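Comments concern the structure below.
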Amino acid sequence: MKLLTLYRLARVLLHVLKGMLICASVFPWLGHAARNQQIRRWATRLLALCNVTVQQSAGSAAVLETSVVVANHVSWLDIFVIHSLHPSHFVAKAEIRSWPLAGWLAQKAGTVFISRGSRRDLRHIFKGLVHSLQQGERVAFFPEGTTAAQGSLLPFHANLFEAATDAKVPVQPFALDYRDVHGVAHPSVDFIGEMTFAESLMLILNGPPVTAKLTVLAPIVSEGAHRRELALASEQAVAAALGVSVVASEAATAASH
């Protein structure tokens, strides 16, 4: 292992430990706005330590304070990229909770975990999402349900979109894109197949600089819309922003994480 990679890994681990200390000692006493400020600062620093620079596209729409944010899912970096610009109350797959250190941090930052195929989890989380939205918070999830390789997009599942209609708030799609110094899809970012979190982290730390581009798309009115209509409209907006087609084949699903 390269000495520089070890140095970067050590700095990332120290930053994660610092985040755990902040969550344990400071978060219980902070209000919503102050927590978001801490989350944004910590996520920005984590990405910098991973040699990731975040840019928001110049043509992005204004970000709503209260909305259901939906985004394509490429990597574990996605949550932190969004947090670094627009901290949100996330829903993520249950597997993330088992990641060393990062899973605990994600939970303390307000991430809610959902088990695949669990209707009980879905009902419980749905109620929590509606409540958070009614309290004026921004909530976010990845409607593909899993990661997809760059250059492709999996169909958006409609279930959680109903939270937007129940809370009477818009859906705002985000498009995430990771590029290298040559402006092409970064080879180290895809988090698919049997790759572990540790393997992905080392690949990123050992690779060239990453530019993460976030494009905020126009909000979609949810009132009077069916959840499937919202899912399809969001899917089409993200696909258009990324310049990709939606892949519904079993092979694409099997290759995703």
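Chain identifiers are assigned as A, B, and so on, following the order in which chains appear in the structure tokens; residues are numbered from 1 within each chain, and ligands are numbered from 1 in order of appearance.
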Kindly assemble as JSON lines a list of the range 121-169 of chain A residues that lie within 12 Å of range 190-210 of chain A, each paired with its nearest atom pair and their distance in Å to one decimal, using only C-alpha atoms, sorted first by chain and then by ascending residue number.
```
{"residue": "A:Thr146", "atom": "CA", "partner": "A:Ile192", "partner_atom": "CA", "distance": 8.9}
{"residue": "A:Thr147", "atom": "CA", "partner": "A:Ile192", "partner_atom": "CA", "distance": 6.4}
{"residue": "A:Ala148", "atom": "CA", "partner": "A:Ile192", "partner_atom": "CA", "distance": 6.7}
{"residue": "A:Ala149", "atom": "CA", "partner": "A:Asp190", "partner_atom": "CA", "distance": 5.7}
{"residue": "A:Gln150", "atom": "CA", "partner": "A:Asp190", "partner_atom": "CA", "distance": 6.6}
{"residue": "A:Gly151", "atom": "CA", "partner": "A:Asp190", "partner_atom": "CA", "distance": 10.3}
{"residue": "A:Ser152", "atom": "CA", "partner": "A:Asp190", "partner_atom": "CA", "distance": 11.2}
```
**OP:** Can you list, as a list in words, all residues belonging to range 10-123 of chain A that DSSP tags as strand (DSSP E)?
**Re:**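 Selecting the strand (DSSP E) positions of range 10-123 of chain A gives Val52, Thr53, Val54, Gln55, Gln56, Val68, Val69, Val70, Ala71, His89, Phe90, Val91, Ala92, Lys93, Val112, Phe113 and Ile114 of chain A.
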Convert the current residue selection to file output with C-alpha atoms, as a PDB file, in the first residue's frame.
```pdb
ATOM      1  CA  VAL A  52     -13.253  14.746  -3.674  1.00  0.00           C
ATOM      2  CA  THR A  53     -14.205  18.251  -4.794  1.00  0.00           C
ATOM      3  CA  VAL A  54     -17.914  19.091  -4.910  1.00  0.00           C
ATOM      4  CA  GLN A  55     -19.462  21.410  -7.478  1.00  0.00           C
ATOM      5  CA  GLN A  56     -23.062  22.416  -7.941  1.00  0.00           C
ATOM      6  CA  VAL A  68     -38.617  15.267  -0.811  1.00  0.00           C
ATOM      7  CA  VAL A  69     -35.200  15.055  -2.454  1.00  0.00           C
ATOM      8  CA  VAL A  70     -34.604  12.065  -4.734  1.00  0.00           C
ATOM      9  CA  ALA A  71     -31.292  11.308  -6.437  1.00  0.00           C
ATOM     10  CA  HIS A  89     -32.885  13.750   6.557  1.00  0.00           C
ATOM     11  CA  PHE A  90     -31.922  10.553   4.683  1.00  0.00           C
ATOM     12  CA  VAL A  91     -33.531   7.178   4.202  1.00  0.00           C
ATOM     13  CA  ALA A  92     -30.968   4.529   3.229  1.00  0.00           C
ATOM     14  CA  LYS A  93     -30.713   0.755   2.916  1.00  0.00           C
ATOM     15  CA  VAL A 112     -33.140   6.228   8.813  1.00  0.00           C
ATOM     16  CA  PHE A 113     -32.424   2.679   7.638  1.00  0.00           C
ATOM     17  CA  ILE A 114     -34.874   0.463   5.810  1.00  0.00           C
TER      18      ILE A 114
END
```
**OP:** Report the distance between CA of Ala218 in chain A and CA of Ala61 in chain A in Å, rounded to one decimal place.
**Re:**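 Separation between CA of Ala218 in chain A and CA of Ala61 in chain A: 5.5 Å.
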Original post:
In Å to one decimal, how far is CA of Ser75 in chain A from CA of Leu176 in chain A?
Top reply: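 So the two atoms, CA of Leu176 in chain A and CA of Ser75 in chain A, lie 9.7 Å apart.
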**OP:** Show which residues sit within 9 Å of range 159-171 of chain A, as a VMD selection string. Count only C-alpha atoms, and ignore same-chain residues fewer than 4 positions away.
**Re:** chain A and resid 64 66 to 70 122 125 to 127 129 to 131 133 to 134 141 143 218 to 228 230 to 231 234
File of the preceding selection, N, CA and C atoms, as a PDB file, in the first residue's frame:
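In the end it all went to selection35.pdb:
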```pdb
ATOM      1  N   LEU A  64     -35.205  23.862  -2.414  1.00  0.00           N
ATOM      2  CA  LEU A  64     -36.283  24.131  -1.479  1.00  0.00           C
ATOM      3  C   LEU A  64     -35.884  23.729  -0.067  1.00  0.00           C
ATOM      4  N   THR A  66     -38.025  22.784   2.261  1.00  0.00           N
ATOM      5  CA  THR A  66     -38.847  21.626   2.614  1.00  0.00           C
ATOM      6  C   THR A  66     -39.269  20.925   1.330  1.00  0.00           C
ATOM      7  N   SER A  67     -38.805  19.696   1.167  1.00  0.00           N
ATOM      8  CA  SER A  67     -39.130  18.925  -0.034  1.00  0.00           C
ATOM      9  C   SER A  67     -38.696  17.488   0.173  1.00  0.00           C
ATOM     10  N   VAL A  68     -39.133  16.627  -0.740  1.00  0.00           N
ATOM     11  CA  VAL A  68     -38.617  15.267  -0.811  1.00  0.00           C
ATOM     12  C   VAL A  68     -37.557  15.261  -1.909  1.00  0.00           C
ATOM     13  N   VAL A  69     -36.310  15.100  -1.502  1.00  0.00           N
ATOM     14  CA  VAL A  69     -35.200  15.055  -2.454  1.00  0.00           C
ATOM     15  C   VAL A  69     -34.982  13.607  -2.894  1.00  0.00           C
ATOM     16  N   VAL A  70     -34.912  13.394  -4.200  1.00  0.00           N
ATOM     17  CA  VAL A  70     -34.604  12.065  -4.734  1.00  0.00           C
ATOM     18  C   VAL A  70     -33.414  12.200  -5.677  1.00  0.00           C
ATOM     19  N   LEU A 122     -41.239  -0.122   6.126  1.00  0.00           N
ATOM     20  CA  LEU A 122     -41.729   0.890   5.195  1.00  0.00           C
ATOM     21  C   LEU A 122     -42.841   1.722   5.810  1.00  0.00           C
ATOM     22  N   ILE A 125     -41.303   3.987   8.626  1.00  0.00           N
ATOM     23  CA  ILE A 125     -40.485   5.059   8.078  1.00  0.00           C
ATOM     24  C   ILE A 125     -41.343   6.075   7.347  1.00  0.00           C
ATOM     25  N   PHE A 126     -42.368   5.593   6.657  1.00  0.00           N
ATOM     26  CA  PHE A 126     -43.255   6.489   5.927  1.00  0.00           C
ATOM     27  C   PHE A 126     -43.882   7.515   6.873  1.00  0.00           C
ATOM     28  N   LYS A 127     -44.357   7.059   8.009  1.00  0.00           N
ATOM     29  CA  LYS A 127     -44.962   7.978   8.976  1.00  0.00           C
ATOM     30  C   LYS A 127     -43.942   8.998   9.478  1.00  0.00           C
ATOM     31  N   LEU A 129     -41.296  10.068   7.860  1.00  0.00           N
ATOM     32  CA  LEU A 129     -40.985  11.009   6.787  1.00  0.00           C
ATOM     33  C   LEU A 129     -42.051  12.094   6.700  1.00  0.00           C
ATOM     34  N   VAL A 130     -43.305  11.702   6.743  1.00  0.00           N
ATOM     35  CA  VAL A 130     -44.397  12.673   6.668  1.00  0.00           C
ATOM     36  C   VAL A 130     -44.291  13.660   7.829  1.00  0.00           C
ATOM     37  N   HIS A 131     -44.012  13.147   9.018  1.00  0.00           N
ATOM     38  CA  HIS A 131     -43.877  14.021  10.194  1.00  0.00           C
ATOM     39  C   HIS A 131     -42.726  15.007  10.010  1.00  0.00           C
ATOM     40  N   LEU A 133     -41.428  16.120   7.223  1.00  0.00           N
ATOM     41  CA  LEU A 133     -41.804  17.089   6.199  1.00  0.00           C
ATOM     42  C   LEU A 133     -42.773  18.129   6.758  1.00  0.00           C
ATOM     43  N   GLN A 134     -43.695  17.687   7.570  1.00  0.00           N
ATOM     44  CA  GLN A 134     -44.657  18.618   8.167  1.00  0.00           C
ATOM     45  C   GLN A 134     -43.991  19.560   9.163  1.00  0.00           C
ATOM     46  N   PHE A 141     -34.052  10.418  -0.323  1.00  0.00           N
ATOM     47  CA  PHE A 141     -33.817   8.982  -0.482  1.00  0.00           C
ATOM     48  C   PHE A 141     -33.398   8.695  -1.916  1.00  0.00           C
ATOM     49  N   PRO A 143     -34.346   6.486  -4.901  1.00  0.00           N
ATOM     50  CA  PRO A 143     -35.456   5.632  -5.334  1.00  0.00           C
ATOM     51  C   PRO A 143     -35.063   4.439  -6.200  1.00  0.00           C
ATOM     52  N   ALA A 218     -35.583  21.114 -11.278  1.00  0.00           N
ATOM     53  CA  ALA A 218     -36.811  21.831 -10.930  1.00  0.00           C
ATOM     54  C   ALA A 218     -37.730  20.956 -10.078  1.00  0.00           C
ATOM     55  N   PRO A 219     -38.338  21.525  -9.051  1.00  0.00           N
ATOM     56  CA  PRO A 219     -39.250  20.737  -8.202  1.00  0.00           C
ATOM     57  C   PRO A 219     -40.497  20.293  -8.965  1.00  0.00           C
ATOM     58  N   ILE A 220     -41.062  19.194  -8.513  1.00  0.00           N
ATOM     59  CA  ILE A 220     -42.259  18.613  -9.125  1.00  0.00           C
ATOM     60  C   ILE A 220     -43.397  18.698  -8.115  1.00  0.00           C
ATOM     61  N   VAL A 221     -44.483  19.321  -8.502  1.00  0.00           N
ATOM     62  CA  VAL A 221     -45.629  19.475  -7.604  1.00  0.00           C
ATOM     63  C   VAL A 221     -46.241  18.109  -7.306  1.00  0.00           C
ATOM     64  N   SER A 222     -46.472  17.839  -6.030  1.00  0.00           N
ATOM     65  CA  SER A 222     -46.972  16.518  -5.648  1.00  0.00           C
ATOM     66  C   SER A 222     -48.484  16.483  -5.441  1.00  0.00           C
ATOM     67  N   GLU A 223     -49.083  17.613  -5.125  1.00  0.00           N
ATOM     68  CA  GLU A 223     -50.518  17.630  -4.834  1.00  0.00           C
ATOM     69  C   GLU A 223     -51.326  17.179  -6.058  1.00  0.00           C
ATOM     70  N   GLY A 224     -52.182  16.195  -5.841  1.00  0.00           N
ATOM     71  CA  GLY A 224     -53.018  15.674  -6.917  1.00  0.00           C
ATOM     72  C   GLY A 224     -52.330  14.651  -7.798  1.00  0.00           C
ATOM     73  N   ALA A 225     -51.049  14.363  -7.514  1.00  0.00           N
ATOM     74  CA  ALA A 225     -50.298  13.402  -8.334  1.00  0.00           C
ATOM     75  C   ALA A 225     -50.225  12.054  -7.628  1.00  0.00           C
ATOM     76  N   HIS A 226     -50.195  10.990  -8.402  1.00  0.00           N
ATOM     77  CA  HIS A 226     -50.005   9.649  -7.856  1.00  0.00           C
ATOM     78  C   HIS A 226     -48.513   9.410  -7.652  1.00  0.00           C
ATOM     79  N   ARG A 227     -48.192   8.567  -6.691  1.00  0.00           N
ATOM     80  CA  ARG A 227     -46.775   8.317  -6.400  1.00  0.00           C
ATOM     81  C   ARG A 227     -46.027   7.789  -7.616  1.00  0.00           C
ATOM     82  N   ARG A 228     -46.693   6.967  -8.449  1.00  0.00           N
ATOM     83  CA  ARG A 228     -46.032   6.433  -9.644  1.00  0.00           C
ATOM     84  C   ARG A 228     -45.746   7.539 -10.658  1.00  0.00           C
ATOM     85  N   LEU A 230     -45.077  10.648  -9.839  1.00  0.00           N
ATOM     86  CA  LEU A 230     -43.942  11.386  -9.280  1.00  0.00           C
ATOM     87  C   LEU A 230     -42.636  10.634  -9.509  1.00  0.00           C
ATOM     88  N   ALA A 231     -42.680   9.310  -9.335  1.00  0.00           N
ATOM     89  CA  ALA A 231     -41.477   8.502  -9.546  1.00  0.00           C
ATOM     90  C   ALA A 231     -41.026   8.575 -10.997  1.00  0.00           C
ATOM     91  N   SER A 234     -39.638  12.088 -11.871  1.00  0.00           N
ATOM     92  CA  SER A 234     -38.314  12.274 -11.269  1.00  0.00           C
ATOM     93  C   SER A 234     -37.263  11.473 -12.021  1.00  0.00           C
TER      94      SER A 234
END
```
